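Raw final-v7.txt, compact mmCIF, C-alpha atoms and all ligand atoms:
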```txt
# COMPACT_ATOMS: atom_id res chain seq x y z
CA MET A 1 103.34 104.66 50.90
CA HIS A 2 104.19 102.19 53.68
CA THR A 3 102.24 102.31 56.93
CA ILE A 4 104.54 101.57 59.85
CA THR A 5 103.58 100.93 63.46
CA LEU A 6 105.64 103.31 65.59
CA ILE A 7 106.23 102.42 69.25
CA PRO A 8 108.08 105.35 70.91
CA GLY A 9 108.78 103.34 74.10
CA ASP A 10 110.13 104.63 77.44
CA GLY A 11 113.02 106.78 78.68
CA ILE A 12 114.97 108.17 75.71
CA GLY A 13 112.61 106.35 73.31
CA PRO A 14 110.31 109.31 72.50
CA GLU A 15 113.31 111.66 71.99
CA ILE A 16 115.17 109.44 69.51
CA THR A 17 111.91 108.48 67.77
CA LYS A 18 111.13 112.15 67.17
CA ALA A 19 114.62 112.65 65.69
CA VAL A 20 114.18 109.72 63.28
CA GLN A 21 110.73 110.94 62.25
CA ALA A 22 112.13 114.42 61.51
CA ILE A 23 114.89 112.94 59.31
CA PHE A 24 112.39 110.73 57.44
CA THR A 25 110.07 113.69 56.86
CA ALA A 26 112.93 115.84 55.54
CA ALA A 27 114.07 113.01 53.25
CA GLN A 28 110.49 112.54 52.00
CA VAL A 29 110.57 108.82 52.73
CA PRO A 30 107.25 107.26 51.67
CA VAL A 31 106.17 106.07 55.10
CA GLN A 32 103.29 107.06 57.34
CA TRP A 33 103.40 106.31 61.04
CA GLU A 34 100.71 104.68 63.14
CA GLU A 35 101.71 105.51 66.70
CA GLN A 36 100.98 103.01 69.45
CA ASN A 37 102.69 102.38 72.77
CA ALA A 38 103.19 99.73 75.42
CA GLY A 39 104.72 99.38 78.89
CA GLN A 40 104.33 101.04 82.26
CA THR A 41 103.31 104.50 81.00
CA THR A 42 100.66 102.96 78.77
CA PHE A 43 99.44 100.84 81.69
CA ASP A 44 99.15 103.92 83.92
CA GLN A 45 97.06 105.66 81.24
CA SER A 46 94.93 102.82 79.88
CA GLY A 47 95.21 99.87 82.28
CA GLU A 48 96.80 97.73 79.52
CA LEU A 49 100.53 96.87 79.28
CA ILE A 50 100.21 95.87 75.63
CA PRO A 51 97.02 97.47 74.29
CA GLN A 52 94.94 95.50 71.79
CA ALA A 53 95.20 98.53 69.46
CA LEU A 54 98.99 97.99 69.28
CA LEU A 55 98.58 94.30 68.46
CA ASP A 56 95.95 95.13 65.81
CA SER A 57 98.28 97.72 64.26
CA LEU A 58 101.22 95.25 64.19
CA GLU A 59 99.08 92.50 62.67
CA LYS A 60 97.84 94.88 59.98
CA ASN A 61 101.12 96.60 59.07
CA ARG A 62 103.57 93.69 59.73
CA VAL A 63 106.43 96.22 60.10
CA ALA A 64 107.23 98.37 63.15
CA LEU A 65 109.87 100.76 64.42
CA LYS A 66 110.18 100.52 68.18
CA GLY A 67 111.90 102.56 70.87
CA PRO A 68 113.25 100.80 73.98
CA ILE A 69 110.82 99.71 76.69
CA THR A 70 111.75 99.58 80.39
CA THR A 71 111.48 96.21 82.13
CA PRO A 72 111.41 96.26 85.94
CA VAL A 73 114.29 94.33 87.56
CA GLY A 74 113.42 91.36 89.80
CA LYS A 75 109.70 92.11 90.03
CA GLY A 76 106.72 93.46 88.09
CA PHE A 77 105.60 92.64 84.58
CA ARG A 78 107.33 90.39 82.06
CA SER A 79 109.38 92.10 79.34
CA ILE A 80 107.14 93.58 76.64
CA ASN A 81 110.01 93.05 74.17
CA ILE A 82 110.20 89.31 74.85
CA THR A 83 106.40 89.01 74.82
CA LEU A 84 106.16 90.56 71.34
CA ARG A 85 109.12 88.52 70.01
CA GLN A 86 107.53 85.27 71.22
CA LYS A 87 103.94 86.12 70.28
CA TYR A 88 104.88 86.82 66.65
CA ASP A 89 107.73 84.29 66.42
CA LEU A 90 110.30 86.99 65.60
CA TYR A 91 113.01 84.36 65.91
CA GLN A 92 115.89 86.32 64.39
CA ASN A 93 117.47 89.20 66.27
CA VAL A 94 119.85 90.68 63.72
CA ARG A 95 122.44 93.11 65.07
CA PRO A 96 125.17 94.48 62.77
CA ALA A 97 128.32 96.00 64.33
CA LYS A 98 130.68 97.94 62.10
CA THR A 99 133.44 100.44 62.79
CA THR A 100 132.63 103.76 61.12
CA GLU A 101 134.85 106.70 60.24
CA GLY A 102 134.24 109.45 62.79
CA ILE A 103 133.06 107.16 65.59
CA ALA A 104 135.89 106.66 68.08
CA SER A 105 136.72 103.03 68.81
CA ARG A 106 139.72 100.99 69.97
CA TYR A 107 139.39 98.91 66.78
CA THR A 108 139.34 99.25 63.00
CA GLY A 109 137.95 96.88 60.39
CA VAL A 110 135.14 95.40 62.50
CA ASN A 111 132.23 94.44 60.26
CA LEU A 112 130.15 91.62 61.68
CA VAL A 113 126.48 90.72 61.93
CA LEU A 114 125.20 88.93 65.00
CA PHE A 115 122.23 86.57 64.71
CA ARG A 116 120.74 86.04 68.17
CA GLU A 117 118.03 83.40 68.60
CA ASN A 118 115.15 85.52 69.86
CA THR A 119 112.41 83.36 71.34
CA GLU A 120 113.91 80.44 73.30
CA GLY A 121 116.72 79.59 75.72
CA LEU A 122 116.86 81.09 79.18
CA TYR A 123 114.42 83.81 78.04
CA SER A 124 111.61 81.28 77.47
CA GLY A 125 109.89 82.56 80.62
CA LEU A 126 109.95 79.12 82.28
CA GLU A 127 111.03 79.94 85.83
CA VAL A 128 109.96 78.52 89.18
CA TYR A 129 110.94 79.41 92.72
CA ASP A 130 110.41 77.05 95.65
CA GLU A 131 110.38 79.43 98.57
CA ARG A 132 110.46 76.58 101.13
CA LEU A 133 113.68 75.11 99.72
CA GLY A 134 115.10 78.44 98.54
CA ILE A 135 115.69 77.03 95.06
CA SER A 136 114.88 78.64 91.74
CA ASP A 137 114.97 76.83 88.39
CA SER A 138 115.13 78.67 85.06
CA PHE A 139 114.63 76.39 82.07
CA ASN A 140 116.89 76.78 79.09
CA ARG A 141 114.43 75.56 76.46
CA ILE A 142 116.11 74.98 73.11
CA THR A 143 114.18 73.25 70.32
CA VAL A 144 115.44 71.48 67.21
CA GLU A 145 113.09 73.57 65.07
CA GLY A 146 114.12 76.88 66.67
CA SER A 147 117.82 76.04 66.33
CA ARG A 148 117.40 75.03 62.69
CA LYS A 149 115.51 78.25 61.88
CA ILE A 150 118.07 80.65 63.37
CA CYS A 151 121.11 78.79 62.02
CA ARG A 152 119.62 78.58 58.53
CA ALA A 153 118.71 82.30 58.67
CA ALA A 154 122.33 83.18 59.53
CA PHE A 155 123.69 81.13 56.60
CA ALA A 156 121.02 82.45 54.20
CA TYR A 157 121.93 86.02 55.21
CA ALA A 158 125.64 85.29 54.70
CA ALA A 159 124.97 83.86 51.23
CA LYS A 160 122.69 86.75 50.22
CA HIS A 161 125.09 89.46 51.39
CA GLY A 162 128.33 87.96 50.07
CA ARG A 163 129.67 87.14 53.51
CA LYS A 164 132.25 84.41 53.81
CA LYS A 165 132.00 82.83 57.24
CA VAL A 166 129.48 81.90 59.93
CA THR A 167 130.69 81.36 63.49
CA LEU A 168 128.48 79.63 66.04
CA ALA A 169 129.07 80.67 69.67
CA HIS A 170 127.87 77.93 72.04
CA LYS A 171 128.51 76.07 75.28
CA ALA A 172 128.01 72.49 74.08
CA ASN A 173 130.94 71.30 76.22
CA ILE A 174 128.87 71.92 79.37
CA LEU A 175 125.27 72.14 78.07
CA LYS A 176 125.59 68.72 76.47
CA MET A 177 121.98 68.61 75.26
CA ALA A 178 120.85 72.20 74.59
CA GLY A 179 124.26 73.27 73.29
CA THR A 180 124.58 70.22 71.06
CA LEU A 181 121.15 70.84 69.47
CA MET A 182 122.31 74.22 68.26
CA LEU A 183 125.69 72.87 67.14
CA ASN A 184 124.05 70.08 65.14
CA ALA A 185 121.54 72.52 63.61
CA CYS A 186 124.40 74.73 62.46
CA LYS A 187 126.36 71.80 61.00
CA GLU A 188 123.19 70.84 59.10
CA ALA A 189 122.70 74.39 57.76
CA ALA A 190 126.38 74.54 56.77
CA LEU A 191 125.87 71.56 54.44
CA GLU A 192 123.27 73.58 52.53
CA PHE A 193 125.71 76.48 52.02
CA PRO A 194 129.05 74.88 51.09
CA GLN A 195 130.40 78.23 49.83
CA ILE A 196 130.25 79.65 53.39
CA VAL A 197 132.96 78.65 55.87
CA PHE A 198 131.53 77.32 59.15
CA GLU A 199 133.33 77.35 62.48
CA ASP A 200 132.19 77.04 66.08
CA LYS A 201 133.62 78.53 69.25
CA ILE A 202 132.86 77.99 72.90
CA ILE A 203 131.25 81.17 74.24
CA ASP A 204 133.98 82.06 76.77
CA ASN A 205 136.69 81.81 74.12
CA MET A 206 134.39 83.72 71.74
CA CYS A 207 134.28 86.68 74.16
CA MET A 208 138.07 86.75 74.40
CA GLN A 209 138.48 86.46 70.61
CA LEU A 210 135.92 89.24 70.02
CA VAL A 211 137.81 91.61 72.29
CA ASN A 212 141.23 90.53 71.03
CA LYS A 213 140.68 90.26 67.27
CA PRO A 214 137.11 91.19 66.31
CA GLU A 215 137.91 91.73 62.63
CA GLN A 216 138.14 87.93 62.16
CA PHE A 217 134.34 87.57 62.53
CA ASP A 218 131.81 87.91 59.75
CA VAL A 219 128.38 86.44 60.65
CA VAL A 220 127.97 85.17 64.22
CA VAL A 221 125.03 83.04 65.35
CA THR A 222 124.17 82.16 68.93
CA THR A 223 121.47 81.53 71.51
CA ASN A 224 119.24 84.13 73.15
CA LEU A 225 121.20 84.85 76.35
CA PHE A 226 124.65 84.65 74.75
CA GLY A 227 123.40 86.87 71.91
CA ASP A 228 122.01 89.45 74.31
CA ILE A 229 125.37 89.73 76.05
CA LEU A 230 127.52 89.51 72.91
CA SER A 231 125.55 92.25 71.18
CA ASP A 232 126.32 94.79 73.92
CA LEU A 233 129.94 93.61 73.80
CA CYS A 234 129.95 94.16 70.02
CA ALA A 235 128.43 97.62 70.54
CA GLY A 236 131.43 98.39 72.74
CA LEU A 237 133.76 97.40 69.88
CA VAL A 238 132.31 99.93 67.46
CA GLY A 239 131.53 103.06 69.49
CA GLY A 240 128.92 102.14 72.08
CA LEU A 241 125.24 101.52 72.49
CA GLY A 242 124.28 104.82 70.87
CA VAL A 243 125.25 103.57 67.41
CA VAL A 244 124.22 99.93 66.97
CA ALA A 245 121.02 98.91 65.21
CA GLY A 246 118.88 95.82 65.42
CA ALA A 247 115.91 94.01 63.92
CA ASN A 248 113.55 91.35 65.24
CA ILE A 249 112.55 89.35 62.19
CA GLY A 250 110.05 86.57 61.69
CA ASP A 251 108.68 84.96 58.57
CA ASP A 252 105.89 87.54 58.19
CA MET A 253 106.57 90.39 60.61
CA ALA A 254 109.57 92.54 61.53
CA ILE A 255 110.10 94.98 64.40
CA PHE A 256 113.15 97.22 64.10
CA GLU A 257 114.76 98.61 67.25
CA ALA A 258 118.12 99.74 68.59
CA VAL A 259 120.20 97.33 70.70
CA HIS A 260 120.19 99.76 73.64
CA GLY A 261 117.60 100.18 76.36
CA SER A 262 115.63 103.13 77.66
CA ALA A 263 118.74 104.75 79.24
CA PRO A 264 116.98 106.20 82.32
CA ASP A 265 120.22 107.95 83.35
CA ILE A 266 119.96 110.40 80.41
CA ALA A 267 116.22 110.32 79.63
CA GLY A 268 114.48 113.66 79.10
CA GLN A 269 117.76 115.59 78.81
CA GLY A 270 118.06 115.74 75.01
CA LYS A 271 121.41 113.92 75.22
CA ALA A 272 120.49 110.61 73.59
CA ASN A 273 122.22 109.59 70.38
CA PRO A 274 119.58 108.87 67.71
CA THR A 275 122.05 106.95 65.47
CA ALA A 276 121.15 103.46 66.73
CA LEU A 277 117.43 103.94 66.11
CA LEU A 278 118.10 105.71 62.81
CA ARG A 279 120.28 102.81 61.63
CA SER A 280 117.50 100.41 62.72
CA ALA A 281 115.07 102.49 60.66
CA LEU A 282 117.45 102.21 57.68
CA MET A 283 117.44 98.41 58.09
CA MET A 284 113.64 98.74 57.99
CA LEU A 285 113.81 100.71 54.71
CA HIS A 286 115.98 97.99 53.14
CA HIS A 287 113.44 95.41 54.39
CA LEU A 288 110.72 97.43 52.62
CA GLY A 289 112.77 97.60 49.42
CA GLU A 290 113.33 101.37 49.79
CA HIS A 291 117.08 101.05 49.17
CA THR A 292 117.59 104.46 47.55
CA HIS A 293 116.06 106.31 50.49
CA ALA A 294 118.07 104.18 52.94
CA ASP A 295 121.35 104.82 51.11
CA ARG A 296 120.71 108.58 50.89
CA ILE A 297 120.02 108.92 54.62
CA GLU A 298 122.97 106.67 55.48
CA ALA A 299 125.28 108.87 53.41
CA ALA A 300 124.00 111.96 55.27
CA LEU A 301 124.50 110.19 58.62
CA ASP A 302 128.04 109.07 57.71
CA ALA A 303 128.93 112.61 56.58
CA THR A 304 127.62 114.03 59.87
CA LEU A 305 129.53 111.46 61.94
CA LYS A 306 132.77 112.82 60.41
CA THR A 307 132.15 116.09 62.27
CA PRO A 308 131.96 114.88 65.89
CA GLU A 309 131.15 118.38 67.20
CA LYS A 310 127.75 118.08 65.46
CA CYS A 311 127.06 114.80 67.28
CA THR A 312 125.84 113.96 70.78
CA GLY A 313 128.08 113.76 73.87
CA ASP A 314 128.67 109.98 73.67
CA LEU A 315 130.43 110.61 70.33
CA GLY A 316 132.49 113.50 71.70
CA GLY A 317 130.18 116.29 70.55
CA LYS A 318 128.00 118.86 72.28
CA ALA A 319 124.86 118.64 70.15
CA SER A 320 121.46 117.70 71.50
CA THR A 321 119.48 114.82 70.00
CA MET A 322 117.50 117.19 67.76
CA GLU A 323 120.58 119.29 66.80
CA PHE A 324 122.29 116.07 65.69
CA ALA A 325 119.18 115.15 63.70
CA GLN A 326 119.16 118.62 62.11
CA ALA A 327 122.84 118.22 61.11
CA ILE A 328 121.91 114.97 59.32
CA ILE A 329 118.99 116.74 57.62
CA ASP A 330 121.36 119.51 56.47
CA LYS A 331 123.61 116.87 54.85
CA LEU A 332 120.64 115.39 52.95
CA ALA A 333 120.71 118.37 50.66
P1 LIG B 401 120.69 100.95 78.41
O1 LIG B 401 121.04 100.40 77.08
O2 LIG B 401 119.40 101.65 78.52
O3 LIG B 401 121.86 101.95 78.89
C1 LIG B 401 123.20 101.54 79.11
C2 LIG B 401 124.14 102.76 79.02
O4 LIG B 401 124.23 103.17 77.65
C3 LIG B 401 123.61 103.96 79.81
O5 LIG B 401 124.70 104.65 80.37
C4 LIG B 401 122.96 104.84 78.74
O6 LIG B 401 122.95 106.22 79.03
C5 LIG B 401 123.82 104.53 77.50
N1 LIG B 401 123.01 104.65 76.28
C6 LIG B 401 122.08 103.77 75.83
N2 LIG B 401 121.52 104.22 74.71
C7 LIG B 401 122.11 105.39 74.42
C8 LIG B 401 121.94 106.35 73.37
N3 LIG B 401 121.05 106.18 72.38
N4 LIG B 401 122.69 107.47 73.39
C9 LIG B 401 123.60 107.66 74.36
N5 LIG B 401 123.81 106.79 75.39
C10 LIG B 401 123.06 105.67 75.41
O7 LIG B 401 120.77 99.73 79.44
P2 LIG B 401 120.21 99.60 80.94
O8 LIG B 401 120.44 100.87 81.69
O9 LIG B 401 120.79 98.34 81.42
O10 LIG B 401 118.65 99.36 80.75
C11 LIG B 401 117.66 100.36 80.98
C12 LIG B 401 116.27 99.77 80.70
O11 LIG B 401 116.15 99.45 79.32
C13 LIG B 401 115.97 98.47 81.47
O12 LIG B 401 114.64 98.57 81.95
C14 LIG B 401 116.07 97.39 80.43
O13 LIG B 401 115.22 96.29 80.71
C15 LIG B 401 115.59 98.14 79.18
N6 LIG B 401 116.08 97.57 77.91
C16 LIG B 401 115.18 97.56 76.87
C17 LIG B 401 115.59 97.09 75.65
C18 LIG B 401 114.58 97.10 74.54
O14 LIG B 401 113.52 97.69 74.66
N7 LIG B 401 114.85 96.43 73.42
C19 LIG B 401 116.92 96.67 75.45
C20 LIG B 401 117.82 96.73 76.51
C21 LIG B 401 117.38 97.19 77.75
```

I need this file expressed as structure tokens, please.
Ligand code: NAD
Amino acid sequence: MHTITLIPGDGIGPEITKAVQAIFTAAQVPVQWEEQNAGQTTFDQSGELIPQALLDSLEKNRVALKGPITTPVGKGFRSINITLRQKYDLYQNVRPAKTTEGIASRYTGVNLVLFRENTEGLYSGLEVYDERLGISDSFNRITVEGSRKICRAAFAYAAKHGRKKVTLAHKANILKMAGTLMLNACKEAALEFPQIVFEDKIIDNMCMQLVNKPEQFDVVVTTNLFGDILSDLCAGLVGGLGVVAGANIGDDMAIFEAVHGSAPDIAGQGKANPTALLRSALMMLHHLGEHTHADRIEAALDATLKTPEKCTGDLGGKASTMEFAQAIIDKLA
């Protein structure tokens, strides 16, 4: 039995979390949940944005499934997501994007995995504003060590999963120092994995190529900001934010969460697609070595996706979050 820290999060988080829990219970997956929360709602109740009990639970269990957490725009507290990623050095943000039968998309044959550096770059939290001069500076901190770790992780993943190519998306033509660090780190990692093809692309061209011919990409590695943007773009290639999974992985802790946010526009309406969080939970099962359970639930999900009327509105269906979950449970049998 694995004990997993469960963070339901904000907005649609509690709804999709409940759906995933119901599917896991029906599939008799050997996990037990330790529920903890963070963010504004938690602060209103307990006076703590990230309660010590949540940190204790993470440090004990080392594996978590997390719903999205709202971050106020332009003011208020710092992102809880970024705080946790930095505190526990969860330096890999792994986001697969794959076209799937039954999920409408403009493309076919997309099957790529994005490795986003998760702790540095423009998300380092190093920002100053000089009110007198009206100037703000945001520091794009990139380290040799951080670049080496994420590039090596992308190559190691490619080698382990029989993937053929790693593409680095960068801006080393303009960011001569920060961009070049990452480029050099990737060239170094490539030497260790001669069986994997290495190529690099400037980020603006990368966006055009992804939209024009996404099936050419296999494993993509990039910095924090570029990865954040590219992963939503990749979600758009394969059916939208409701279907793409993600994992924040460090050397001794992993937090699994969907790419999407708390979706305040549909929160509380039972409309949210649980697929993205479910797929993140399946990545978690593989991480725990529970491959048979993961494969069984994935087969039930894939079978359900072939009947769009049993899915949520974003996939062309009319089902609620829990009706969609129930349809997946029915396919488990
Ligand atoms: P969002 O991802 O929440 O929503 C973007 C659009 O996609 C919305 O129209 C939404 O309805 C739709 N969508 C997202 N998930 C869906 C799902 N499961 N099913 C169906 N439709 C879905 O992005 P946003 O509106 O820019 O951000 C809202 C909040 O989420 C912000 O506070 C942001 O900071 C936060 N956020 C958190 C995380 C995280 O916790 N990891 C990630 C991204 C954004």

Using all atoms listed in the file, which residues of the polymer chains come no farther than 6 Å from ligand LIG 401 (chain B)? I'd like the answer as a count of residues only. 19

Could you pull the residues within 9 Å of Val31 (chain A), counting all atoms listed in the file, minus those fewer than 6 positions along the same chain, as a list in words? Met1, His2, Thr3, Ile4, Phe24 and Thr25 of chain A

Produce a table with one row for each residue of region 190-299 of chain A that has an atom at most 6 Å from any atom of region 115-129 of chain A, each row naming the nearest atom pair and its distance in Å at one decimal; use all atoms listed in the file; arrange rows by chain and rising residue number; format as CSV.
```
residue,atom,partner,partner_atom,distance
A:Val220,CA,A:Phe115,CA,5.9
A:Val221,CA,A:Phe115,CA,4.6
A:Thr222,CA,A:Arg116,CA,5.2
A:Thr223,CA,A:Glu117,CA,4.9
A:Asn224,CA,A:Glu117,CA,4.8
A:Gly227,CA,A:Arg116,CA,4.7
```

How would the residues just chosen look if you wrote them out with C-alpha atoms as a compact mmCIF listing (two decimals), in the coordinates of the input?
```txt
# COMPACT_ATOMS: atom_id res chain seq x y z
CA VAL A 220 127.97 85.17 64.22
CA VAL A 221 125.03 83.04 65.35
CA THR A 222 124.17 82.16 68.93
CA THR A 223 121.47 81.53 71.51
CA ASN A 224 119.24 84.13 73.15
CA GLY A 227 123.40 86.87 71.91
```

Tell me which protein, DNA and RNA residues are within 7 Å of Pro8 (chain A), counting all atoms listed in the file, leaving out same-chain ones fewer than 3 positions away, and put them as a PDB file with C-alpha atoms, in the frame of the given file.
```pdb
ATOM      1  CA  GLY A  13     112.610 106.350  73.310  1.00  0.00           C
ATOM      2  CA  PRO A  14     110.310 109.310  72.500  1.00  0.00           C
ATOM      3  CA  THR A  17     111.910 108.480  67.770  1.00  0.00           C
ATOM      4  CA  ASN A  37     102.690 102.380  72.770  1.00  0.00           C
ATOM      5  CA  LYS A  66     110.180 100.520  68.180  1.00  0.00           C
ATOM      6  CA  GLY A  67     111.900 102.560  70.870  1.00  0.00           C
TER       7      GLY A  67
END
```

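Counting all atoms listed in the file, Leu191 (chain A) has the following residues at most 12 Å away, ignoring those fewer than 4 positions along the same chain: Cys151, Arg152, Phe155, Ala156, Asn184, Ala185, Cys186, Lys187, Gln195, Ile196, Val197 and Phe198 of chain A.
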
Selected residues written out, C-alpha atoms, as an mmCIF file, in the frame of the given file:
```
data_model
loop_
_atom_site.group_PDB
_atom_site.id
_atom_site.type_symbol
_atom_site.label_atom_id
_atom_site.label_comp_id
_atom_site.auth_asym_id
_atom_site.auth_seq_id
_atom_site.Cartn_x
_atom_site.Cartn_y
_atom_site.Cartn_z
ATOM 1 C CA CYS A 151 121.110 78.790 62.020
ATOM 2 C CA ARG A 152 119.620 78.580 58.530
ATOM 3 C CA PHE A 155 123.690 81.130 56.600
ATOM 4 C CA ALA A 156 121.020 82.450 54.200
ATOM 5 C CA ASN A 184 124.050 70.080 65.140
ATOM 6 C CA ALA A 185 121.540 72.520 63.610
ATOM 7 C CA CYS A 186 124.400 74.730 62.460
ATOM 8 C CA LYS A 187 126.360 71.800 61.000
ATOM 9 C CA GLN A 195 130.400 78.230 49.830
ATOM 10 C CA ILE A 196 130.250 79.650 53.390
ATOM 11 C CA VAL A 197 132.960 78.650 55.870
ATOM 12 C CA PHE A 198 131.530 77.320 59.150
#
```

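Atom pair CA of Tyr88 (chain A) / CA of Thr5 (chain A): separated by 14.5 Å.
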
Residues near Arg62 (chain A), anyone? I mean within 7 Å using all atoms listed in the file, not counting same-chain ones fewer than 3 positions away, as a PyMOL selection string. chain A and resi 58-59+252-254

Residues of the last selection are to be written out with C-alpha atoms, as a PDB file, in the coordinates of the input.
```pdb
ATOM      1  CA  LEU A  58     101.220  95.250  64.190  1.00  0.00           C
ATOM      2  CA  GLU A  59      99.080  92.500  62.670  1.00  0.00           C
ATOM      3  CA  ASP A 252     105.890  87.540  58.190  1.00  0.00           C
ATOM      4  CA  MET A 253     106.570  90.390  60.610  1.00  0.00           C
ATOM      5  CA  ALA A 254     109.570  92.540  61.530  1.00  0.00           C
TER       6      ALA A 254
END
```

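Closest approach to Ile229 (chain A) among A:Asp330, A:Asp204, A:Asp130, A:Glu298 is made by A:Asp204 (distances from all atoms listed in the file).
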
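In this structure, CA of Ala97 (chain A) sits 11.7 Å away from CA of Leu210 (chain A).
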
Using the file's own x, y and z axes, what box holds all listed atoms of region 181-194 of chain A with 4 Å on each side, keeping edges along x, y and z, and what are its centre and edge lengths in Å to one decimal, as JSON?
```
{"center_x": 125.1, "center_y": 73.3, "center_z": 60.3, "size_x": 15.9, "size_y": 14.4, "size_z": 26.4}
```
